[in-house]
Amino acid sequence: MNQLTEEQIAQLSPDTASLAAGKGLAGTSKWVSFAYNERVLWGEIKGSGSTPYRSQIDLTNTAFKCSCPSRKFPCKHGLGLYLMFTRNFADFTKTENEPVWVKEWMDKRASKPATTEPKPEADVETVAKQAKAKEKRQNKRLEEIAGGVAELDLWVKDLLRGGLLAFPEKGPQFWKKTAARMVDAKAPGLGNMVKEFQEINYFSGNTWQGEALQQATKIFMLLEGVKNIDALPTLVQEDVKSLIGISRNQKELLEDAAAEKIKDIWLVLGRQREVNDEDLTIQRDWLYGTQSKRFALILNFAYRSAPIQNLVVPGTATQAELVFYPGNYPLRAAIKMVGSNSTQFSIPEMFANWDAVQEYYTQILSKFPWADNIPLFVKDLLPVTHASKWHLRDSDGYIMPLPADFDIQKLYQILAISGGASVHMSFLRQKDTVVPLGVWVDGKYKLI
Amino acid sequence: MADFWNDLVNTALLGTDKQTFDENLLPETIKNSLSQVDKKDKEALFYKAAALASFFKKAGNMPEKLEVTAGLPAETEVLSYAPTPVISLLRKIFSYDSGNYALVEKWLDEAIRKSWIITPDLLLVILNLGLDKKYKHLQPKIRQIAGKRGLWMTQFNSEWNYLKETDYLLLWEEGKAAERKIALEEIRKNNPAQARELLEKSWEQETAKTKLELIAVLKNQLSSDDEPFLQQVFDEIQTVRQKKKDATPDLLKQVVELLLSLPESKLSQEIWEKVKRYVYKTKDKKLLGLVSAENIAVVIPEKGDDFLCKETMWERLGILEESHNKNVYVDVEGWLYEIISRISPQLWEQHLSASPVQIMEAFNKGDGFTKKKDKAKEDTIALYTVALAQAAYYHNNTTWARSWLEYYKDVYTIQQTHVSYLLGYLSDAELEEFYLKHIDLSNTATDSQRLREELLKRKEHQWSFAFTQYVVKAMCSDLTSYNYGNTVSFLIESILHMHPDIVKENISDYMSANAPGWVRSQYDKTIVFPLQEMMGLRMELKKVFEG
């Protein structure tokens with residue numbers, strides 16, 4: 001049986017309101033009945049209806065089900081039940097005698113994998129037809145995008161002609177307007193790159209000039225890629241298409257026999273969640289395959305309060321089969337099948353120092369020049385301050401800075417648990433900085 | 001190394017319309033790669049150069065080496081970490097969003113008693129807890145459970161310096177106004193004479209505002225040793241006020257109060273000599289002069305005199321300028337009230353050779369007056385009785401405080417006289433009895449907020465089951481949107497005092513029958529369940545620390 005920590009359960013919550021409500025329901029007095037066994041945890045709680053809500057949690061594969069009408073997933077009852085299980089374990093009765101409603105759900109789950117069963121493999125002719133149709137669709141989309149690409153090409157050159165010095169005076173509307181035009185031109189990826197100009201801090205320090213030039217260059221490079229797409233290697237073409245916003249449909253990807261699939265025990269190194277100015281929640285789960293030694297990014301999106309289905313739990317090792325989106329540096333993946341998870345796992349092999357990281361980073365850049373979030377591990381890192389900024393120092397004395405906006409409380413947490421001793425750490429290499437995701441202390445992985 | 005990149009940035013800043021980029025400044029490798037690029041489109045050429053330069057820079061950009069050594073790691077702990085169940089319990093307590101500080105404090109007390117310290121994973125939470133306004137009073141306790149690692153953490157955030165031993169003398173010398181007051185308070189606790197001497201030395205340099213704040217520190221452990229300094233300040237103020245009448249009234253009042261707290265002080269003696277004239281014994285002849293009965297007369301000069309006058313009461317003593325509410329009491333009564341409330345009640349006993357009850361009766365029956373004669377007696381006398389209660393508290397006179405409660409509980413409604421501070425002189429059992437008989441704790445009752453707070457002041461008081469029922473019932477009656485939040489907070493705060501069996505009761509029945517619909521729908525969720533949860537945590541706390 002797998003028992004998650006409160007922090008891990010919190011990571012499963014679709015939003016802070018659900019978590020707060022779940023915490024409020026995590027007391028034994030609120031539940032009419034509750035019990036568990038090795039595979040499932042269940043409980044009944046009085047709701048607004050005449051009959052209690054029935055909430056159940058698959059403990060092996062971390063899945064929730066509740067009879068309440070909430071559109072949130074997991075709902076507050078599921079979160080409350082799981083939190084209560086963690087907090088008040090001793091109060092729970094262990095029984096193999098599952099109620100019918102629990103047994104039915106669990107038996108049904110046991111009879112099929114956690115995610116969509118792949119369709120039977122199509123014959124060669126059908127596959128060829130599908131591929132041709134797909135290519136046709138994509139070419140049509142590229143034609144549609146061509147207008148936007150030409151417009152952005154002019155725009156980015158105009159920016160350079162006029163000089164970057166004017167950037168600080170340009171308000172958010174300036175960037176938003178062009179980004180919106182790219183969305184209209186069916187190239188939302190280009191729009192996102194334009195919006196990234198807004199994220200540069202033009203009013204502090206003297207790094208914005210270089211960052212602005214890098215961003216403009218990044219856009220220009222992509223535009224050149226689109227214009228010359230036919231001349232690029234197939235996988236680079238995929239990268240370019242993905243960057244401009246022609247991404248593969250996840251369902252198609254999961255059914256694609258030719259797509260790269262890896263079954264592995266994946267360490268879920270961390271989760272990042274942000275809500276952009278269009279109310280779109282973007283959730284990134286960073287994974288590492290213990291046998292394949294591959295990193296993966298699981299991206300999920302949700303508008304407003306729509307739920308995100310969380311198949312993996314940060315801070316655990318999960319058996320899963322991932323299907324990678326094609327690319328020259330395949331990182332983004334979709335989950336085809338997910339199995340049990342565990343909070344017990346050994347420390348993976350790590351880079352010894354920043355020197356080794358730099359070598360790896362350079363290799364990635366040579367494959368995928370737009371890379372901006374690269375997950376990594378390094379041994380024996382120590383948080384230190386240098387020139388009034390926080391850095392991570394490796395065992396050879398070399399340092400890498402943390403982003404200026406890195407949450408200082410997270411850094412304090414690293415210091416508190418490490419006590420000034422060096423720790424193994426997982427992080428994202430972001431531009432010239434590193435963003436910690438988790439640390440190993442006394443052989444245990446702790447999320448940051 | 002990256003000069004070429006800076007050159008590119010500088011060109012981009014000015015714009016390619018104003019400045020041309022010199023390709024020759026680029027490293028050879030980049031220059032060679034650019035040789036095949038069409039150069040007619042200068043912006044495209046620039047971007048391509050920038051793209052190559054950017055990757056050249058990124059690929060070759062080695063991390064910086066830090067020559068200085070990192071700070072020392074945290075020292076090894078001497079004390080043991082709290083065991084896992086104890087830490088898990090603290091996590092549970094923290095996971096409740098509100099009203100858990102009584103349990104947090106209890107947890108800290110128990111951990112300190114066991115000489116345990118917090119584990120590193122919860123250290124940050126507990127350090128930040130001490131910064132929360134609601135938990136600031138727990139700082140000395142957090143200091144004891146933070147261990148050496150907690151102390152080590154202070155180097156990263158000065159807000160956590162509360163963990164360090166403070167050099168109060170240094171803080172007194174160099175701190176800001178608020179810090180200096182804290183320093184003086186701490187010094188006064190351990191060495192009253194030193195605190196007074198420090199204040200005496202710096203007195204001339206202090207501002208009017210800091211003088212007022214700092215002299216109040218002397219209230220703690222006040223003794224006759226402080227009188228010369230206080231008298232000196234009093235005399236100085238008299239000199240200043242002769243020149244400027246409205247100068248430093250607050251400071252004057254504060255100094256007078258301190259001097260009057262010392263029954264042997266010159267000022268106390270002087271005032272007593274004046275005031276005792278208004279209360280004296282008389283002999284009334286009864287039964288045709290055959291029997292004479294002793295009475296105590298309270299006779300107040302209606303128009304005042306050389307003592308009960310503005311010149312003395314306001315200009316000399318800074319006590320009261322005039323009546324705050326002339327419809328209820330006139331200036332003379334107001335002045336006398338202020339004086340009685342500062343005079344040691346023991347002096348009345350000696351002066352009148354009477355017991356506290358006899359004296360109180362006299363004050364209660366004596367003649368009083370106000371502009372509205374109809375109401376006068378009752379209001380005026382009630383006024384002086386409250387003054388006697390204040391005097392008992394002011395001079396920490398247990399006999400008088402207890403006598404006052406005993407006598408007046410049946411004469412006046414305690415809640416009308418706002419003297420809840422006297423309840424501190426009762427034992428726990430007496431207090432429960434007193435409340436059960438005389439106090440209405442319900443939300444709409446007068447002074448109920450203060451009377452509830454009085455209950456929480458007794459940290460170790462375990463309420464009997466009947467008393468717990470009484471409190472919870474009172475709190476759950478008359479619930480409205482104005483008092484609901486306070487009620488919930490109070491009940492949760494009281495969890496350490498309550499009898500554990502209260503959660504076995506059907507608390508839902510305690511709600512008033514006429515409670516509004518929204519109260520009915522919220523009641524279980526916000527009152528019954530939290531009480532059950534908190535009681536469960538309290539019981540678990542007992543178990544894990546005993547286990």
# chains A, B, ... in the order shown; residues from 1 in each chain; ligands from 1
>>> interface_residues(of="chain B", to="chain A", cutoff="7 Å", atoms="only C-alpha atoms", output="ChimeraX atom specification")
/B:9,12-17,43,47,50-51,59,63-66,70,72-74,92,120-121,123-124,149,153,529,532-533
>>> write_last_selection(atoms="N, CA and C atoms", output="CSV table (one decimal), in the first residue's frame")
chain,number,residue,atom,x,y,z
B,9,VAL,N,24.5,43.7,-28.5
B,9,VAL,CA,23.5,44.3,-27.6
B,9,VAL,C,23.4,45.8,-27.8
B,12,ALA,N,21.9,46.7,-31.1
B,12,ALA,CA,20.5,46.4,-31.0
B,12,ALA,C,19.8,47.5,-30.3
B,13,LEU,N,20.4,48.0,-29.2
B,13,LEU,CA,19.8,49.1,-28.4
B,13,LEU,C,19.5,50.3,-29.2
B,14,LEU,N,20.5,50.7,-30.0
B,14,LEU,CA,20.4,52.0,-30.7
B,14,LEU,C,19.6,51.7,-32.0
B,15,GLY,N,19.6,50.5,-32.5
B,15,GLY,CA,18.8,50.2,-33.7
B,15,GLY,C,19.7,50.2,-34.9
B,16,THR,N,19.4,49.3,-35.9
B,16,THR,CA,20.3,49.2,-37.0
B,16,THR,C,20.1,50.3,-38.0
B,17,ASP,N,19.1,51.2,-37.8
B,17,ASP,CA,19.0,52.4,-38.6
B,17,ASP,C,20.1,53.4,-38.2
B,43,GLU,N,19.0,43.6,-41.2
B,43,GLU,CA,18.4,43.2,-40.0
B,43,GLU,C,18.5,41.6,-39.8
B,47,TYR,N,20.4,39.5,-37.0
B,47,TYR,CA,19.7,38.5,-36.2
B,47,TYR,C,20.5,37.2,-36.3
B,50,ALA,N,23.5,37.5,-34.3
B,50,ALA,CA,23.1,37.4,-32.8
B,50,ALA,C,22.8,36.0,-32.4
B,51,ALA,N,22.1,35.2,-33.3
B,51,ALA,CA,21.7,33.9,-33.0
B,51,ALA,C,23.0,33.0,-32.8
B,59,ALA,N,27.0,28.1,-25.1
B,59,ALA,CA,27.7,26.8,-25.1
B,59,ALA,C,29.1,26.9,-24.4
B,63,PRO,N,30.4,28.1,-15.8
B,63,PRO,CA,30.0,28.8,-14.5
B,63,PRO,C,31.2,29.5,-13.8
B,64,GLU,N,30.8,30.4,-13.0
B,64,GLU,CA,31.8,31.2,-12.3
B,64,GLU,C,32.3,30.4,-11.1
B,65,LYS,N,33.6,30.6,-10.8
B,65,LYS,CA,34.1,29.9,-9.6
B,65,LYS,C,34.1,30.8,-8.4
B,66,LEU,N,33.6,30.3,-7.3
B,66,LEU,CA,33.5,31.1,-6.1
B,66,LEU,C,34.7,30.8,-5.2
B,70,ALA,N,32.2,28.7,1.7
B,70,ALA,CA,30.8,28.8,2.2
B,70,ALA,C,30.8,28.9,3.7
B,72,LEU,N,29.8,28.1,7.6
B,72,LEU,CA,29.9,26.8,8.4
B,72,LEU,C,28.5,26.2,8.4
B,73,PRO,N,28.4,24.8,8.4
B,73,PRO,CA,27.1,24.2,8.5
B,73,PRO,C,26.6,24.4,9.9
B,74,ALA,N,25.4,24.0,10.1
B,74,ALA,CA,24.8,24.1,11.5
B,74,ALA,C,25.4,23.1,12.4
B,92,LYS,N,-0.5,18.1,11.9
B,92,LYS,CA,-2.0,18.0,11.9
B,92,LYS,C,-2.5,19.4,12.5
B,120,PRO,N,14.1,19.3,11.3
B,120,PRO,CA,14.4,20.3,10.3
B,120,PRO,C,13.3,20.6,9.3
B,121,ASP,N,12.5,19.5,8.9
B,121,ASP,CA,11.5,19.8,7.9
B,121,ASP,C,10.4,20.7,8.4
B,123,LEU,N,11.1,23.1,10.7
B,123,LEU,CA,11.8,24.3,11.3
B,123,LEU,C,11.4,25.6,10.7
B,124,LEU,N,11.3,25.7,9.3
B,124,LEU,CA,10.9,26.9,8.7
B,124,LEU,C,9.5,27.4,9.1
B,149,ARG,N,20.1,24.4,14.8
B,149,ARG,CA,19.8,24.7,13.4
B,149,ARG,C,19.0,26.0,13.3
B,153,MET,N,20.0,29.3,11.3
B,153,MET,CA,19.1,29.9,10.2
B,153,MET,C,19.0,31.4,10.4
B,529,PHE,N,-18.2,20.3,14.5
B,529,PHE,CA,-17.0,19.5,14.0
B,529,PHE,C,-15.7,20.0,14.4
B,532,GLN,N,-15.0,19.0,17.9
B,532,GLN,CA,-14.7,17.6,18.0
B,532,GLN,C,-13.2,17.3,17.5
B,533,GLU,N,-12.9,18.0,16.4
B,533,GLU,CA,-11.5,17.8,15.9
B,533,GLU,C,-10.5,18.3,16.8
>>> residues_around(residues="Tyr484 (chain B)", least_positions_apart="5", cutoff="10 Å", atoms="only C-alpha atoms", output="ChimeraX atom specification")
/B:443,475-476,478-479,489-490,519,523,526-527
>>> write_last_selection(atoms="all heavy atoms", output="PDB file, in the first residue's frame")
ATOM      1  N   ASN B 443     -23.777  36.075  24.094  1.00  0.00           N
ATOM      2  CA  ASN B 443     -23.213  37.092  23.201  1.00  0.00           C
ATOM      3  C   ASN B 443     -23.787  38.478  23.405  1.00  0.00           C
ATOM      4  O   ASN B 443     -23.086  39.479  23.223  1.00  0.00           O
ATOM      5  CB  ASN B 443     -23.431  36.659  21.755  1.00  0.00           C
ATOM      6  CG  ASN B 443     -22.497  35.540  21.387  1.00  0.00           C
ATOM      7  OD1 ASN B 443     -21.285  35.674  21.473  1.00  0.00           O
ATOM      8  ND2 ASN B 443     -23.055  34.399  21.010  1.00  0.00           N
ATOM      9  N   MET B 475     -22.367  30.525  24.773  1.00  0.00           N
ATOM     10  CA  MET B 475     -21.757  31.004  23.534  1.00  0.00           C
ATOM     11  C   MET B 475     -22.630  30.710  22.321  1.00  0.00           C
ATOM     12  O   MET B 475     -22.616  31.439  21.344  1.00  0.00           O
ATOM     13  CB  MET B 475     -20.394  30.332  23.317  1.00  0.00           C
ATOM     14  CG  MET B 475     -19.345  30.648  24.347  1.00  0.00           C
ATOM     15  SD  MET B 475     -18.929  32.379  24.417  1.00  0.00           S
ATOM     16  CE  MET B 475     -18.270  32.628  22.804  1.00  0.00           C
ATOM     17  N   CYS B 476     -23.340  29.593  22.386  1.00  0.00           N
ATOM     18  CA  CYS B 476     -24.107  29.172  21.211  1.00  0.00           C
ATOM     19  C   CYS B 476     -25.521  29.740  21.200  1.00  0.00           C
ATOM     20  O   CYS B 476     -26.305  29.417  20.321  1.00  0.00           O
ATOM     21  CB  CYS B 476     -24.128  27.654  21.107  1.00  0.00           C
ATOM     22  SG  CYS B 476     -22.483  27.013  20.797  1.00  0.00           S
ATOM     23  N   ASP B 478     -28.009  33.079  20.927  1.00  0.00           N
ATOM     24  CA  ASP B 478     -28.023  34.403  20.275  1.00  0.00           C
ATOM     25  C   ASP B 478     -26.938  34.577  19.222  1.00  0.00           C
ATOM     26  O   ASP B 478     -26.236  35.593  19.201  1.00  0.00           O
ATOM     27  CB  ASP B 478     -27.860  35.531  21.331  1.00  0.00           C
ATOM     28  CG  ASP B 478     -28.866  35.413  22.434  1.00  0.00           C
ATOM     29  OD1 ASP B 478     -30.011  35.068  22.126  1.00  0.00           O
ATOM     30  OD2 ASP B 478     -28.492  35.647  23.593  1.00  0.00           O
ATOM     31  N   LEU B 479     -26.751  33.585  18.396  1.00  0.00           N
ATOM     32  CA  LEU B 479     -25.719  33.718  17.352  1.00  0.00           C
ATOM     33  C   LEU B 479     -26.240  34.610  16.226  1.00  0.00           C
ATOM     34  O   LEU B 479     -27.340  34.410  15.729  1.00  0.00           O
ATOM     35  CB  LEU B 479     -25.338  32.341  16.809  1.00  0.00           C
ATOM     36  CG  LEU B 479     -24.497  31.483  17.748  1.00  0.00           C
ATOM     37  CD1 LEU B 479     -24.445  30.046  17.256  1.00  0.00           C
ATOM     38  CD2 LEU B 479     -23.100  32.044  17.905  1.00  0.00           C
ATOM     39  N   SER B 489     -14.108  31.468  17.298  1.00  0.00           N
ATOM     40  CA  SER B 489     -12.710  31.638  17.744  1.00  0.00           C
ATOM     41  C   SER B 489     -12.585  31.343  19.238  1.00  0.00           C
ATOM     42  O   SER B 489     -11.655  30.656  19.662  1.00  0.00           O
ATOM     43  CB  SER B 489     -12.216  33.065  17.506  1.00  0.00           C
ATOM     44  OG  SER B 489     -12.322  33.358  16.168  1.00  0.00           O
ATOM     45  N   PHE B 490     -13.539  31.874  20.017  1.00  0.00           N
ATOM     46  CA  PHE B 490     -13.437  31.676  21.459  1.00  0.00           C
ATOM     47  C   PHE B 490     -13.544  30.196  21.817  1.00  0.00           C
ATOM     48  O   PHE B 490     -12.779  29.682  22.638  1.00  0.00           O
ATOM     49  CB  PHE B 490     -14.531  32.469  22.199  1.00  0.00           C
ATOM     50  CG  PHE B 490     -14.529  32.227  23.677  1.00  0.00           C
ATOM     51  CD1 PHE B 490     -13.611  32.882  24.490  1.00  0.00           C
ATOM     52  CD2 PHE B 490     -15.395  31.317  24.263  1.00  0.00           C
ATOM     53  CE1 PHE B 490     -13.577  32.643  25.855  1.00  0.00           C
ATOM     54  CE2 PHE B 490     -15.364  31.062  25.623  1.00  0.00           C
ATOM     55  CZ  PHE B 490     -14.454  31.734  26.427  1.00  0.00           C
ATOM     56  N   VAL B 519     -27.335  30.140  10.317  1.00  0.00           N
ATOM     57  CA  VAL B 519     -26.612  29.607  11.483  1.00  0.00           C
ATOM     58  C   VAL B 519     -26.841  28.097  11.547  1.00  0.00           C
ATOM     59  O   VAL B 519     -25.909  27.318  11.743  1.00  0.00           O
ATOM     60  CB  VAL B 519     -27.086  30.285  12.789  1.00  0.00           C
ATOM     61  CG1 VAL B 519     -26.542  29.554  14.011  1.00  0.00           C
ATOM     62  CG2 VAL B 519     -26.641  31.735  12.821  1.00  0.00           C
ATOM     63  N   TYR B 523     -23.731  25.629  11.520  1.00  0.00           N
ATOM     64  CA  TYR B 523     -23.414  25.295  12.912  1.00  0.00           C
ATOM     65  C   TYR B 523     -22.523  24.051  13.074  1.00  0.00           C
ATOM     66  O   TYR B 523     -21.465  24.110  13.696  1.00  0.00           O
ATOM     67  CB  TYR B 523     -24.740  25.115  13.663  1.00  0.00           C
ATOM     68  CG  TYR B 523     -24.603  25.004  15.148  1.00  0.00           C
ATOM     69  CD1 TYR B 523     -24.451  26.136  15.936  1.00  0.00           C
ATOM     70  CD2 TYR B 523     -24.637  23.770  15.776  1.00  0.00           C
ATOM     71  CE1 TYR B 523     -24.342  26.029  17.316  1.00  0.00           C
ATOM     72  CE2 TYR B 523     -24.527  23.661  17.147  1.00  0.00           C
ATOM     73  CZ  TYR B 523     -24.376  24.791  17.910  1.00  0.00           C
ATOM     74  OH  TYR B 523     -24.251  24.687  19.261  1.00  0.00           O
ATOM     75  N   THR B 526     -19.020  24.557  11.378  1.00  0.00           N
ATOM     76  CA  THR B 526     -18.071  25.538  11.915  1.00  0.00           C
ATOM     77  C   THR B 526     -17.939  25.513  13.437  1.00  0.00           C
ATOM     78  O   THR B 526     -16.996  26.075  13.981  1.00  0.00           O
ATOM     79  CB  THR B 526     -18.483  26.965  11.492  1.00  0.00           C
ATOM     80  OG1 THR B 526     -19.852  27.142  11.854  1.00  0.00           O
ATOM     81  CG2 THR B 526     -18.313  27.178  10.020  1.00  0.00           C
ATOM     82  N   ILE B 527     -18.868  24.871  14.119  1.00  0.00           N
ATOM     83  CA  ILE B 527     -18.759  24.822  15.579  1.00  0.00           C
ATOM     84  C   ILE B 527     -18.621  23.385  16.082  1.00  0.00           C
ATOM     85  O   ILE B 527     -17.628  23.052  16.740  1.00  0.00           O
ATOM     86  CB  ILE B 527     -19.962  25.532  16.251  1.00  0.00           C
ATOM     87  CG1 ILE B 527     -19.868  27.040  15.971  1.00  0.00           C
ATOM     88  CG2 ILE B 527     -19.975  25.267  17.758  1.00  0.00           C
ATOM     89  CD1 ILE B 527     -20.942  27.886  16.593  1.00  0.00           C
TER      90      ILE B 527
END
>>> residues_around(residues="Phe465 (chain B)", least_positions_apart="3", cutoff="7 Å", atoms="only C-alpha atoms", output="list in words")
Thr468, Gln469, His499 and Ile502 of chain B
>>> write_last_selection(atoms="C-alpha atoms", output="PDB file, in the first residue's frame")
ATOM      1  CA  THR B 468     -18.001  23.677  30.141  1.00  0.00           C
ATOM      2  CA  GLN B 469     -21.655  23.082  29.333  1.00  0.00           C
ATOM      3  CA  HIS B 499     -13.997  19.109  29.815  1.00  0.00           C
ATOM      4  CA  ILE B 502     -18.330  18.002  26.077  1.00  0.00           C
TER       5      ILE B 502
END
>>> atom_distance(atom1="CA of Lys244 (chain B)", atom2="CA of Ser323 (chain B)")
22.5 Å
>>> residues_around(residues="Ser202 (chain B)", least_positions_apart="5", cutoff="12 Å", atoms="only C-alpha atoms", output="list of chain:residue names")
B:Trp172, B:Glu173, B:Arg180, B:Leu184, B:Ala195, B:Arg196, B:Glu197, B:Thr207, B:Thr210, B:Lys211, B:Leu214, B:Ile215
>>> write_last_selection(atoms="all heavy atoms", output="short mmCIF file (atom, residue, chain, number, x, y, z; two decimals), in the first residue's frame")
data_model
loop_
_atom_site.label_atom_id
_atom_site.label_comp_id
_atom_site.auth_asym_id
_atom_site.auth_seq_id
_atom_site.Cartn_x
_atom_site.Cartn_y
_atom_site.Cartn_z
N TRP B 172 19.16 48.76 24.55
CA TRP B 172 18.75 50.00 25.22
C TRP B 172 19.58 51.18 24.70
O TRP B 172 19.07 52.26 24.45
CB TRP B 172 18.91 49.84 26.73
CG TRP B 172 18.83 51.14 27.49
CD1 TRP B 172 19.86 51.81 28.06
CD2 TRP B 172 17.65 51.93 27.73
NE1 TRP B 172 19.41 52.97 28.65
CE2 TRP B 172 18.05 53.07 28.46
CE3 TRP B 172 16.31 51.78 27.40
CZ2 TRP B 172 17.16 54.04 28.86
CZ3 TRP B 172 15.42 52.76 27.80
CH2 TRP B 172 15.83 53.88 28.53
N GLU B 173 20.86 50.93 24.51
CA GLU B 173 21.76 52.01 24.05
C GLU B 173 21.52 52.35 22.58
O GLU B 173 21.56 53.50 22.20
CB GLU B 173 23.23 51.60 24.22
CG GLU B 173 23.69 51.41 25.66
CD GLU B 173 23.68 52.69 26.47
OE1 GLU B 173 23.76 53.77 25.86
OE2 GLU B 173 23.55 52.61 27.71
N ARG B 180 13.92 49.90 22.54
CA ARG B 180 14.45 50.37 23.83
C ARG B 180 13.45 50.11 24.94
O ARG B 180 13.81 49.77 26.06
CB ARG B 180 14.79 51.86 23.74
CG ARG B 180 15.97 52.13 22.80
CD ARG B 180 16.32 53.59 22.76
NE ARG B 180 16.87 54.06 24.01
CZ ARG B 180 16.40 55.09 24.69
NH1 ARG B 180 15.38 55.76 24.22
NH2 ARG B 180 16.96 55.44 25.83
N LEU B 184 14.18 47.91 28.19
CA LEU B 184 13.99 48.40 29.55
C LEU B 184 13.06 47.47 30.34
O LEU B 184 13.30 47.20 31.52
CB LEU B 184 13.42 49.83 29.52
CG LEU B 184 13.53 50.60 30.83
CD1 LEU B 184 14.99 50.87 31.18
CD2 LEU B 184 12.77 51.92 30.78
N ALA B 195 17.25 49.25 35.82
CA ALA B 195 16.34 49.83 34.82
C ALA B 195 16.04 51.29 35.17
O ALA B 195 16.06 52.17 34.32
CB ALA B 195 15.06 49.01 34.76
N ARG B 196 15.76 51.52 36.45
CA ARG B 196 15.43 52.89 36.87
C ARG B 196 16.64 53.81 36.66
O ARG B 196 16.50 54.92 36.15
CB ARG B 196 15.00 52.90 38.33
CG ARG B 196 14.52 54.25 38.80
CD ARG B 196 14.35 54.32 40.29
NE ARG B 196 15.57 54.03 41.02
CZ ARG B 196 15.78 52.93 41.75
NH1 ARG B 196 14.84 52.01 41.83
NH2 ARG B 196 16.93 52.75 42.37
N GLU B 197 17.82 53.31 37.01
CA GLU B 197 19.02 54.13 36.86
C GLU B 197 19.28 54.47 35.38
O GLU B 197 19.66 55.59 35.05
CB GLU B 197 20.24 53.40 37.44
CG GLU B 197 20.26 53.46 38.96
CD GLU B 197 21.09 52.36 39.59
OE1 GLU B 197 21.91 51.75 38.85
OE2 GLU B 197 20.90 52.07 40.79
N THR B 207 12.49 62.10 24.40
CA THR B 207 11.43 62.99 23.90
C THR B 207 10.22 62.83 24.82
O THR B 207 10.14 61.87 25.60
CB THR B 207 11.00 62.59 22.47
OG1 THR B 207 10.42 61.29 22.53
CG2 THR B 207 12.16 62.60 21.51
N THR B 210 8.67 59.35 24.28
CA THR B 210 9.39 58.20 24.84
C THR B 210 9.40 58.26 26.38
O THR B 210 9.35 57.23 27.04
CB THR B 210 10.85 58.09 24.32
OG1 THR B 210 11.52 59.32 24.57
CG2 THR B 210 10.89 57.74 22.85
N LYS B 211 9.40 59.48 26.92
CA LYS B 211 9.33 59.61 28.39
C LYS B 211 8.09 58.92 28.91
O LYS B 211 8.12 58.14 29.86
CB LYS B 211 9.31 61.09 28.79
CG LYS B 211 10.67 61.73 28.86
CD LYS B 211 10.58 63.19 29.27
CE LYS B 211 11.96 63.79 29.38
NZ LYS B 211 11.95 65.22 29.60
N LEU B 214 8.38 55.08 28.44
CA LEU B 214 9.41 54.43 29.25
C LEU B 214 9.08 54.47 30.75
O LEU B 214 9.36 53.51 31.47
CB LEU B 214 10.78 55.06 28.97
CG LEU B 214 11.30 54.85 27.54
CD1 LEU B 214 12.57 55.65 27.30
CD2 LEU B 214 11.54 53.38 27.26
N ILE B 215 8.50 55.56 31.19
CA ILE B 215 8.24 55.64 32.63
C ILE B 215 7.18 54.62 33.04
O ILE B 215 7.17 54.12 34.17
CB ILE B 215 7.86 57.08 33.05
CG1 ILE B 215 8.24 57.27 34.53
CG2 ILE B 215 6.39 57.39 32.82
CD1 ILE B 215 8.39 58.69 34.98
#
>>> atom_distance(atom1="CA of Glu433 (chain B)", atom2="CA of Glu349 (chain B)")
28.4 Å
>>> closest_residue(among="B:Lys133, B:His324, B:His418, B:Lys459", to="Thr446 (chain B)", atoms="only C-alpha atoms")
B:His418
>>> residues_around(residues="Ser346 (chain A)", least_positions_apart="5", cutoff="12 Å", atoms="only C-alpha atoms", output="PDB file with C-alpha atoms, in the first residue's frame")
ATOM      1  CA  ILE A 265       9.611   3.689 -13.334  1.00  0.00           C
ATOM      2  CA  TRP A 266       9.383   7.453 -13.525  1.00  0.00           C
ATOM      3  CA  LEU A 267      10.422   9.688 -10.677  1.00  0.00           C
ATOM      4  CA  THR A 290      15.070   5.398 -13.677  1.00  0.00           C
ATOM      5  CA  GLN A 291      15.988   2.763 -16.253  1.00  0.00           C
ATOM      6  CA  THR A 316       6.728   9.500  -6.031  1.00  0.00           C
ATOM      7  CA  ALA A 317       8.140   6.880  -8.368  1.00  0.00           C
ATOM      8  CA  TRP A 440      17.579  14.361  -1.416  1.00  0.00           C
ATOM      9  CA  VAL A 441      18.084  14.469   2.319  1.00  0.00           C
ATOM     10  CA  ASP A 442      18.977  11.313   4.216  1.00  0.00           C
ATOM     11  CA  GLY A 443      18.172   9.309   1.095  1.00  0.00           C
ATOM     12  CA  LYS A 444      14.648  10.712   0.831  1.00  0.00           C
ATOM     13  CA  TYR A 445      13.409  12.991  -1.906  1.00  0.00           C
TER      14      TYR A 445
END
>>> atom_distance(atom1="CA of Ser494 (chain B)", atom2="CA of Leu19 (chain A)")
26.7 Å
>>> residues_around(residues="His424 (chain A)", least_positions_apart="2", cutoff="6 Å", atoms="only C-alpha atoms", output="list in words")
Val378, Lys379, Asp380, Val439 and Trp440 of chain A
